[in-house]
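**Student:** I am attaching a structure below and will ask some questions about it afterwards.
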Amino acid sequence: MRNGAVEAQRRKWSPLRILVKPRGGDLEHLIKTASGFISVAIFGDPDKPALITYPDIALNYMSCFQGLFLCPEAFSLLLHNFCIYHINPPGHEEMASLSCHNIIPSKFDNMLDELHIEALSLPYESFAFIVSFLMWYLLQESLQFGAAPLSYDDPELSADDLADQVADVLDYFGLGPVMCLGVTAGAYVLTLFAIKYTQRVIGLILVSPLCKTPSWSEWLSNKVMSNVLYYYGICGLVKELLLIRYFSKEVRGGSIVPDSDMVQSCRRSLDEMQSLNVLRYLEAVNGRPDITDGLKRLQCRTLIFVGENSPFHSESLHMTSKLDRRFSALIEVGRCGSMVPEEQPDAMLMSLEYFLMGYGIYRPCELNISPRSPLSPTVISPELFNPESMGLKLKPIKTRIHL
């Protein structure tokens, strides 16, 4: 390798990140922020506008958004127009799915300093050998059995810290104003980010969002989960409380009716989570401040989805009532819990397309669209644009969808 190419490669080895090649061929970054490391998975062309996602408690981008992105119409609409940056809360990354290929070192500066090695002054072969050994060591110690657990010595993060981490991610990738998509706790984090950094957000897509301090029932439920997580880890009780938070009763099943495949998949995902990581995110959300007054400072359009059976239904209605009616809309999805992207992703398609049209963003016409898609021009006849014909009840702010 020529000297110029070697130096260019060394400059890419930033002390701020690990790049890992996950399944599917896209890069997952472990980025050092002012308040710790955070995982970001990137899908799409970095030259396109950025769409930031943030999941709910005890979920990562795979378990929170795969239903929406596995829907061909939504996938083509979003990936055709955006580069998607999936931000995972600290310790929630799906590290067990990552392979050991194409890894660029990170967190090595301190280790190299302790060994009194000036890395860039070494011959390329020696530097590569040392880095490879350190990478192997870190993988053996922390990555091979899933996401590494946080330490009790690590500082506890607040909701403000989580929002600031989003800003650090944008700074790291050099991103301009972004579109944001968040679910429940993730929606709160992104809304807080939009309030604190108004010029950095062009639009908010929020699912079952929060904006007030926890109600007594939510606070008590979260406290029970916190105590059980601390002493027993992610046990059956914690899973049941989280599933009630996520899904409607229809898909959760019961003593007679078994859980749906969706819920069973979510249970398996929860089994892979580190209890301390979940506890830290839960406590940050349970200690969140009321940001209702800050909603008036938002300078972007907002689209809110909420399931009719979501525990946070009234919270979403409250938030909608505090937003500027000229730039916000509410979609209520019938027979659905908080996790609309997983439980009923099709209910989001038409509203997403109309919302993005306001930014001059359209779905790719050349792609083959399934005949069942509400976005397909072959199935939309003129009379269907009548709201009553589409099964919609239109109110000044609220749109209710029954499927």
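Convention: chains lettered A, B, ... in structure tokens order; per-chain residue numbering from 1; ligands numbered from 1 as shown.
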Can I get the residues of stretch 299-374 of chain A within 8 Å of stretch 206-209 of chain A, each with the closest pair of atoms and their distance in Å to one decimal, using only C-alpha atoms, sorted chain first then ascending number, as CSV?

**Tutor:**
```
residue,atom,partner,partner_atom,distance
A:Thr302,CA,A:Leu206,CA,7.5
A:Leu303,CA,A:Leu206,CA,6.2
A:Ile304,CA,A:Leu206,CA,4.8
A:Phe305,CA,A:Val207,CA,4.7
A:Val306,CA,A:Ser208,CA,4.5
A:Gly307,CA,A:Ser208,CA,7.1
A:Ser310,CA,A:Ser208,CA,7.3
A:Phe312,CA,A:Ser208,CA,6.1
A:His313,CA,A:Ser208,CA,6.8
A:Glu315,CA,A:Pro209,CA,7.2
A:Ser316,CA,A:Pro209,CA,5.6
A:Met319,CA,A:Pro209,CA,7.8
A:Ser338,CA,A:Ser208,CA,5.5
A:Met339,CA,A:Val207,CA,7.4
A:Val340,CA,A:Val207,CA,7.0
```

**Student:** Do you have the atom CA of A:Phe327-atom CA of A:Ala74 distance handy?

**Tutor:**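 One can read the atom CA of A:Phe327 to atom CA of A:Ala74 distance as 22.4 Å.
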
**Student:** Do a neighbour search on A:Ile361 at 7 Å with only C-alpha atoms, toss out local chain neighbours closer than 3 positions, and write the hits as a ChimeraX atom specification.

**Tutor:** /A:81,356-357

**Student:** Fewer than 5 positions away in the same chain doesn't count, so skip those; otherwise give me all residues within 8 Å of A:Thr198, counting only C-alpha atoms, as a ChimeraX atom specification.

**Tutor:** /A:193,297-300

**Student:** Rounded to one decimal in Å, what is the spacing between atom CA of A:Leu30 and atom CA of A:Pro177?

**Tutor:** 21.8 Å

**Student:** Per residue of stretch 239-294 of chain A within 12 Å of stretch 45-62 of chain A, which atom pair is closest and at what distance in Å (one decimal), using only C-alpha atoms, listed by chain and increasing number, as a Markdown table?

**Tutor:**
```
| residue | atom | partner | partner_atom | distance |
| --- | --- | --- | --- | --- |
| A:Lys239 | CA | A:Ala58 | CA | 9.7 |
| A:Leu241 | CA | A:Ala58 | CA | 11.4 |
| A:Leu242 | CA | A:Ala58 | CA | 8.1 |
| A:Leu243 | CA | A:Ala58 | CA | 10.5 |
| A:Arg245 | CA | A:Ile57 | CA | 9.5 |
| A:Tyr246 | CA | A:Asp56 | CA | 8.8 |
| A:Ser265 | CA | A:Met62 | CA | 10.8 |
| A:Cys266 | CA | A:Leu59 | CA | 8.6 |
| A:Arg267 | CA | A:Leu59 | CA | 10.6 |
| A:Arg268 | CA | A:Leu59 | CA | 11.2 |
| A:Ser269 | CA | A:Leu59 | CA | 7.7 |
| A:Leu270 | CA | A:Ala58 | CA | 6.7 |
| A:Asp271 | CA | A:Ala58 | CA | 10.0 |
| A:Glu272 | CA | A:Ala58 | CA | 9.8 |
| A:Met273 | CA | A:Ala58 | CA | 6.9 |
| A:Gln274 | CA | A:Ala58 | CA | 8.8 |
| A:Ser275 | CA | A:Ala58 | CA | 8.7 |
| A:Leu276 | CA | A:Ala58 | CA | 10.4 |
| A:Asn277 | CA | A:Ala58 | CA | 8.2 |
| A:Val278 | CA | A:Ala58 | CA | 5.3 |
| A:Leu279 | CA | A:Ala58 | CA | 8.6 |
| A:Arg280 | CA | A:Ile57 | CA | 9.7 |
| A:Tyr281 | CA | A:Ile57 | CA | 6.5 |
| A:Leu282 | CA | A:Ile57 | CA | 6.3 |
| A:Glu283 | CA | A:Ile57 | CA | 10.0 |
| A:Ala284 | CA | A:Ile57 | CA | 10.1 |
| A:Val285 | CA | A:Ile57 | CA | 8.5 |
| A:Asn286 | CA | A:Ile57 | CA | 10.7 |
```

**Student:** Between A:Tyr188, A:Phe75, A:Tyr354, A:Phe37, which residue has the minimum interatomic distance to A:Pro289, considering only C-alpha atoms?

**Tutor:**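 Once distances to A:Pro289 are computed over only C-alpha atoms, the minimum belongs to A:Tyr188.
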
**Student:** DSSP says helix (DSSP H, G or I) for which residues of stretch 212-395 of chain A? Put them as an MDAnalysis selection string?

**Tutor:** chainID A and resid 216:232 236:246 249:252 261:271 275:286 293:297 313:322 325:327 340:343 345:357 382:385

**Student:** When DSSP works through the backbone of this structure, what residues of stretch 283-319 of chain A end up as strand (DSSP E), shown as a VMD selection string?

**Tutor:** chain A and resid 301 to 307

**Student:** Next, write the just-selected residues to a file, as a PDB file, in the first residue's frame, keeping all heavy atoms as the atom set.

**Tutor:**
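Output below, filename selection-v4.pdb:
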```pdb
ATOM      1  N   ARG A 301     -43.059  20.944  11.319  1.00  0.00           N
ATOM      2  CA  ARG A 301     -44.336  20.235  11.222  1.00  0.00           C
ATOM      3  C   ARG A 301     -44.259  18.956  12.046  1.00  0.00           C
ATOM      4  O   ARG A 301     -43.203  18.345  12.166  1.00  0.00           O
ATOM      5  CB  ARG A 301     -44.656  19.908   9.770  1.00  0.00           C
ATOM      6  CG  ARG A 301     -44.806  21.140   8.886  1.00  0.00           C
ATOM      7  CD  ARG A 301     -45.036  20.749   7.449  1.00  0.00           C
ATOM      8  NE  ARG A 301     -45.145  21.923   6.583  1.00  0.00           N
ATOM      9  CZ  ARG A 301     -45.286  21.876   5.272  1.00  0.00           C
ATOM     10  NH1 ARG A 301     -45.317  20.699   4.661  1.00  0.00           N
ATOM     11  NH2 ARG A 301     -45.380  22.980   4.574  1.00  0.00           N
ATOM     12  N   THR A 302     -45.419  18.555  12.561  1.00  0.00           N
ATOM     13  CA  THR A 302     -45.460  17.379  13.434  1.00  0.00           C
ATOM     14  C   THR A 302     -46.619  16.481  13.035  1.00  0.00           C
ATOM     15  O   THR A 302     -47.754  16.946  12.877  1.00  0.00           O
ATOM     16  CB  THR A 302     -45.628  17.797  14.909  1.00  0.00           C
ATOM     17  OG1 THR A 302     -44.591  18.712  15.261  1.00  0.00           O
ATOM     18  CG2 THR A 302     -45.560  16.585  15.823  1.00  0.00           C
ATOM     19  N   LEU A 303     -46.325  15.188  12.870  1.00  0.00           N
ATOM     20  CA  LEU A 303     -47.342  14.180  12.599  1.00  0.00           C
ATOM     21  C   LEU A 303     -47.319  13.177  13.749  1.00  0.00           C
ATOM     22  O   LEU A 303     -46.270  12.594  14.039  1.00  0.00           O
ATOM     23  CB  LEU A 303     -47.049  13.468  11.270  1.00  0.00           C
ATOM     24  CG  LEU A 303     -47.980  12.307  10.890  1.00  0.00           C
ATOM     25  CD1 LEU A 303     -49.420  12.797  10.704  1.00  0.00           C
ATOM     26  CD2 LEU A 303     -47.483  11.620   9.609  1.00  0.00           C
ATOM     27  N   ILE A 304     -48.472  12.994  14.404  1.00  0.00           N
ATOM     28  CA  ILE A 304     -48.557  12.124  15.577  1.00  0.00           C
ATOM     29  C   ILE A 304     -49.459  10.932  15.266  1.00  0.00           C
ATOM     30  O   ILE A 304     -50.575  11.099  14.784  1.00  0.00           O
ATOM     31  CB  ILE A 304     -49.095  12.892  16.798  1.00  0.00           C
ATOM     32  CG1 ILE A 304     -48.103  13.981  17.214  1.00  0.00           C
ATOM     33  CG2 ILE A 304     -49.361  11.944  17.964  1.00  0.00           C
ATOM     34  CD1 ILE A 304     -48.581  14.837  18.377  1.00  0.00           C
ATOM     35  N   PHE A 305     -48.962   9.731  15.550  1.00  0.00           N
ATOM     36  CA  PHE A 305     -49.756   8.508  15.500  1.00  0.00           C
ATOM     37  C   PHE A 305     -49.943   8.001  16.926  1.00  0.00           C
ATOM     38  O   PHE A 305     -49.005   8.017  17.726  1.00  0.00           O
ATOM     39  CB  PHE A 305     -49.042   7.415  14.693  1.00  0.00           C
ATOM     40  CG  PHE A 305     -48.885   7.710  13.230  1.00  0.00           C
ATOM     41  CD1 PHE A 305     -47.719   8.323  12.761  1.00  0.00           C
ATOM     42  CD2 PHE A 305     -49.869   7.381  12.322  1.00  0.00           C
ATOM     43  CE1 PHE A 305     -47.553   8.590  11.423  1.00  0.00           C
ATOM     44  CE2 PHE A 305     -49.711   7.650  10.967  1.00  0.00           C
ATOM     45  CZ  PHE A 305     -48.550   8.265  10.519  1.00  0.00           C
ATOM     46  N   VAL A 306     -51.131   7.505  17.221  1.00  0.00           N
ATOM     47  CA  VAL A 306     -51.344   6.881  18.528  1.00  0.00           C
ATOM     48  C   VAL A 306     -52.398   5.789  18.375  1.00  0.00           C
ATOM     49  O   VAL A 306     -53.386   5.952  17.666  1.00  0.00           O
ATOM     50  CB  VAL A 306     -51.776   7.910  19.601  1.00  0.00           C
ATOM     51  CG1 VAL A 306     -53.112   8.558  19.259  1.00  0.00           C
ATOM     52  CG2 VAL A 306     -51.812   7.269  20.979  1.00  0.00           C
ATOM     53  N   GLY A 307     -52.148   4.651  19.011  1.00  0.00           N
ATOM     54  CA  GLY A 307     -53.129   3.577  19.007  1.00  0.00           C
ATOM     55  C   GLY A 307     -54.274   3.893  19.956  1.00  0.00           C
ATOM     56  O   GLY A 307     -54.084   4.477  21.028  1.00  0.00           O
TER      57      GLY A 307
END
```

**Student:** What lies within 9 Å of A:Gln165 using only C-alpha atoms, ignoring chain neighbours under 3 positions off, as a list of chain:residue names?

**Tutor:**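 The residues that qualify are A:Thr33, A:Ala34, A:Ser35, A:Gly36, A:Phe37, A:Ile38, A:Asp160, A:Asp161, A:Leu162, A:Asp168, A:Val169, A:Leu170.
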
**Student:** Kindly indicate which residue among A:Ala159, A:Leu70, A:Ile31, A:Ala167 lies nearest to A:Gly287, using only C-alpha atoms for the distances.

**Tutor:** A:Ala159

**Student:** Could you give me, as an mmCIF file with all heavy atoms, in the first residue's frame, the residues within 8 Å of A:Val251, counting only C-alpha atoms and dropping anything in the same chain fewer than 2 positions from it?

**Tutor:**
```
data_model
loop_
_atom_site.group_PDB
_atom_site.id
_atom_site.type_symbol
_atom_site.label_atom_id
_atom_site.label_comp_id
_atom_site.auth_asym_id
_atom_site.auth_seq_id
_atom_site.Cartn_x
_atom_site.Cartn_y
_atom_site.Cartn_z
ATOM 1 N N PHE A 247 -48.212 -3.176 23.284
ATOM 2 C CA PHE A 247 -49.203 -3.769 22.388
ATOM 3 C C PHE A 247 -50.607 -3.740 22.968
ATOM 4 O O PHE A 247 -50.798 -3.693 24.190
ATOM 5 C CB PHE A 247 -48.826 -5.226 22.086
ATOM 6 C CG PHE A 247 -47.493 -5.395 21.415
ATOM 7 C CD1 PHE A 247 -46.428 -5.979 22.093
ATOM 8 C CD2 PHE A 247 -47.296 -4.970 20.117
ATOM 9 C CE1 PHE A 247 -45.194 -6.131 21.495
ATOM 10 C CE2 PHE A 247 -46.060 -5.126 19.494
ATOM 11 C CZ PHE A 247 -45.011 -5.710 20.185
ATOM 12 N N SER A 248 -51.586 -3.822 22.068
ATOM 13 C CA SER A 248 -52.975 -3.931 22.493
ATOM 14 C C SER A 248 -53.256 -5.349 22.983
ATOM 15 O O SER A 248 -52.505 -6.291 22.705
ATOM 16 C CB SER A 248 -53.907 -3.594 21.320
ATOM 17 O OG SER A 248 -53.748 -4.546 20.279
ATOM 18 N N LYS A 249 -54.342 -5.495 23.702
ATOM 19 C CA LYS A 249 -54.684 -6.794 24.284
ATOM 20 C C LYS A 249 -54.932 -7.843 23.213
ATOM 21 O O LYS A 249 -54.678 -9.030 23.414
ATOM 22 C CB LYS A 249 -55.922 -6.639 25.159
ATOM 23 C CG LYS A 249 -56.281 -7.873 25.958
ATOM 24 C CD LYS A 249 -57.461 -7.617 26.879
ATOM 25 C CE LYS A 249 -57.819 -8.861 27.696
ATOM 26 N NZ LYS A 249 -58.977 -8.611 28.593
ATOM 27 N N GLY A 253 -52.608 -11.748 23.414
ATOM 28 C CA GLY A 253 -53.135 -13.067 23.748
ATOM 29 C C GLY A 253 -53.504 -13.149 25.216
ATOM 30 O O GLY A 253 -53.755 -12.154 25.892
ATOM 31 N N ASP A 259 -49.928 -15.857 22.362
ATOM 32 C CA ASP A 259 -49.390 -14.598 21.844
ATOM 33 C C ASP A 259 -49.241 -14.665 20.332
ATOM 34 O O ASP A 259 -48.991 -15.725 19.754
ATOM 35 C CB ASP A 259 -48.007 -14.313 22.447
ATOM 36 C CG ASP A 259 -48.073 -13.977 23.928
ATOM 37 O OD1 ASP A 259 -49.171 -13.602 24.391
ATOM 38 O OD2 ASP A 259 -47.046 -14.103 24.607
ATOM 39 N N SER A 260 -49.379 -13.513 19.689
ATOM 40 C CA SER A 260 -49.126 -13.438 18.256
ATOM 41 C C SER A 260 -47.626 -13.609 17.996
ATOM 42 O O SER A 260 -46.792 -13.496 18.898
ATOM 43 C CB SER A 260 -49.599 -12.094 17.705
ATOM 44 O OG SER A 260 -48.829 -11.047 18.267
ATOM 45 N N MET A 262 -45.752 -11.604 16.521
ATOM 46 C CA MET A 262 -45.124 -10.319 16.805
ATOM 47 C C MET A 262 -44.714 -10.216 18.268
ATOM 48 O O MET A 262 -43.596 -9.793 18.592
ATOM 49 C CB MET A 262 -46.126 -9.209 16.448
ATOM 50 C CG MET A 262 -45.691 -7.814 16.741
ATOM 51 S SD MET A 262 -47.123 -6.698 16.692
ATOM 52 C CE MET A 262 -48.072 -7.361 15.333
ATOM 53 N N VAL A 263 -45.607 -10.620 19.162
ATOM 54 C CA VAL A 263 -45.327 -10.539 20.591
ATOM 55 C C VAL A 263 -44.260 -11.566 20.981
ATOM 56 O O VAL A 263 -43.375 -11.269 21.798
ATOM 57 C CB VAL A 263 -46.618 -10.748 21.404
ATOM 58 C CG1 VAL A 263 -46.325 -10.819 22.894
ATOM 59 C CG2 VAL A 263 -47.606 -9.618 21.121
#
```

**Student:** What does the distance from atom CA of A:Glu342 to atom CA of A:Ser314 come to in Å, to one decimal?

**Tutor:**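 Interatomic distance, atom CA of A:Glu342 to atom CA of A:Ser314: 20.5 Å.
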
**Student:** Could you tell me which of A:Lys296, A:Lys322, A:Arg363, A:His80 comes closest to A:Gly44 if we count only C-alpha atoms?

**Tutor:** A:His80
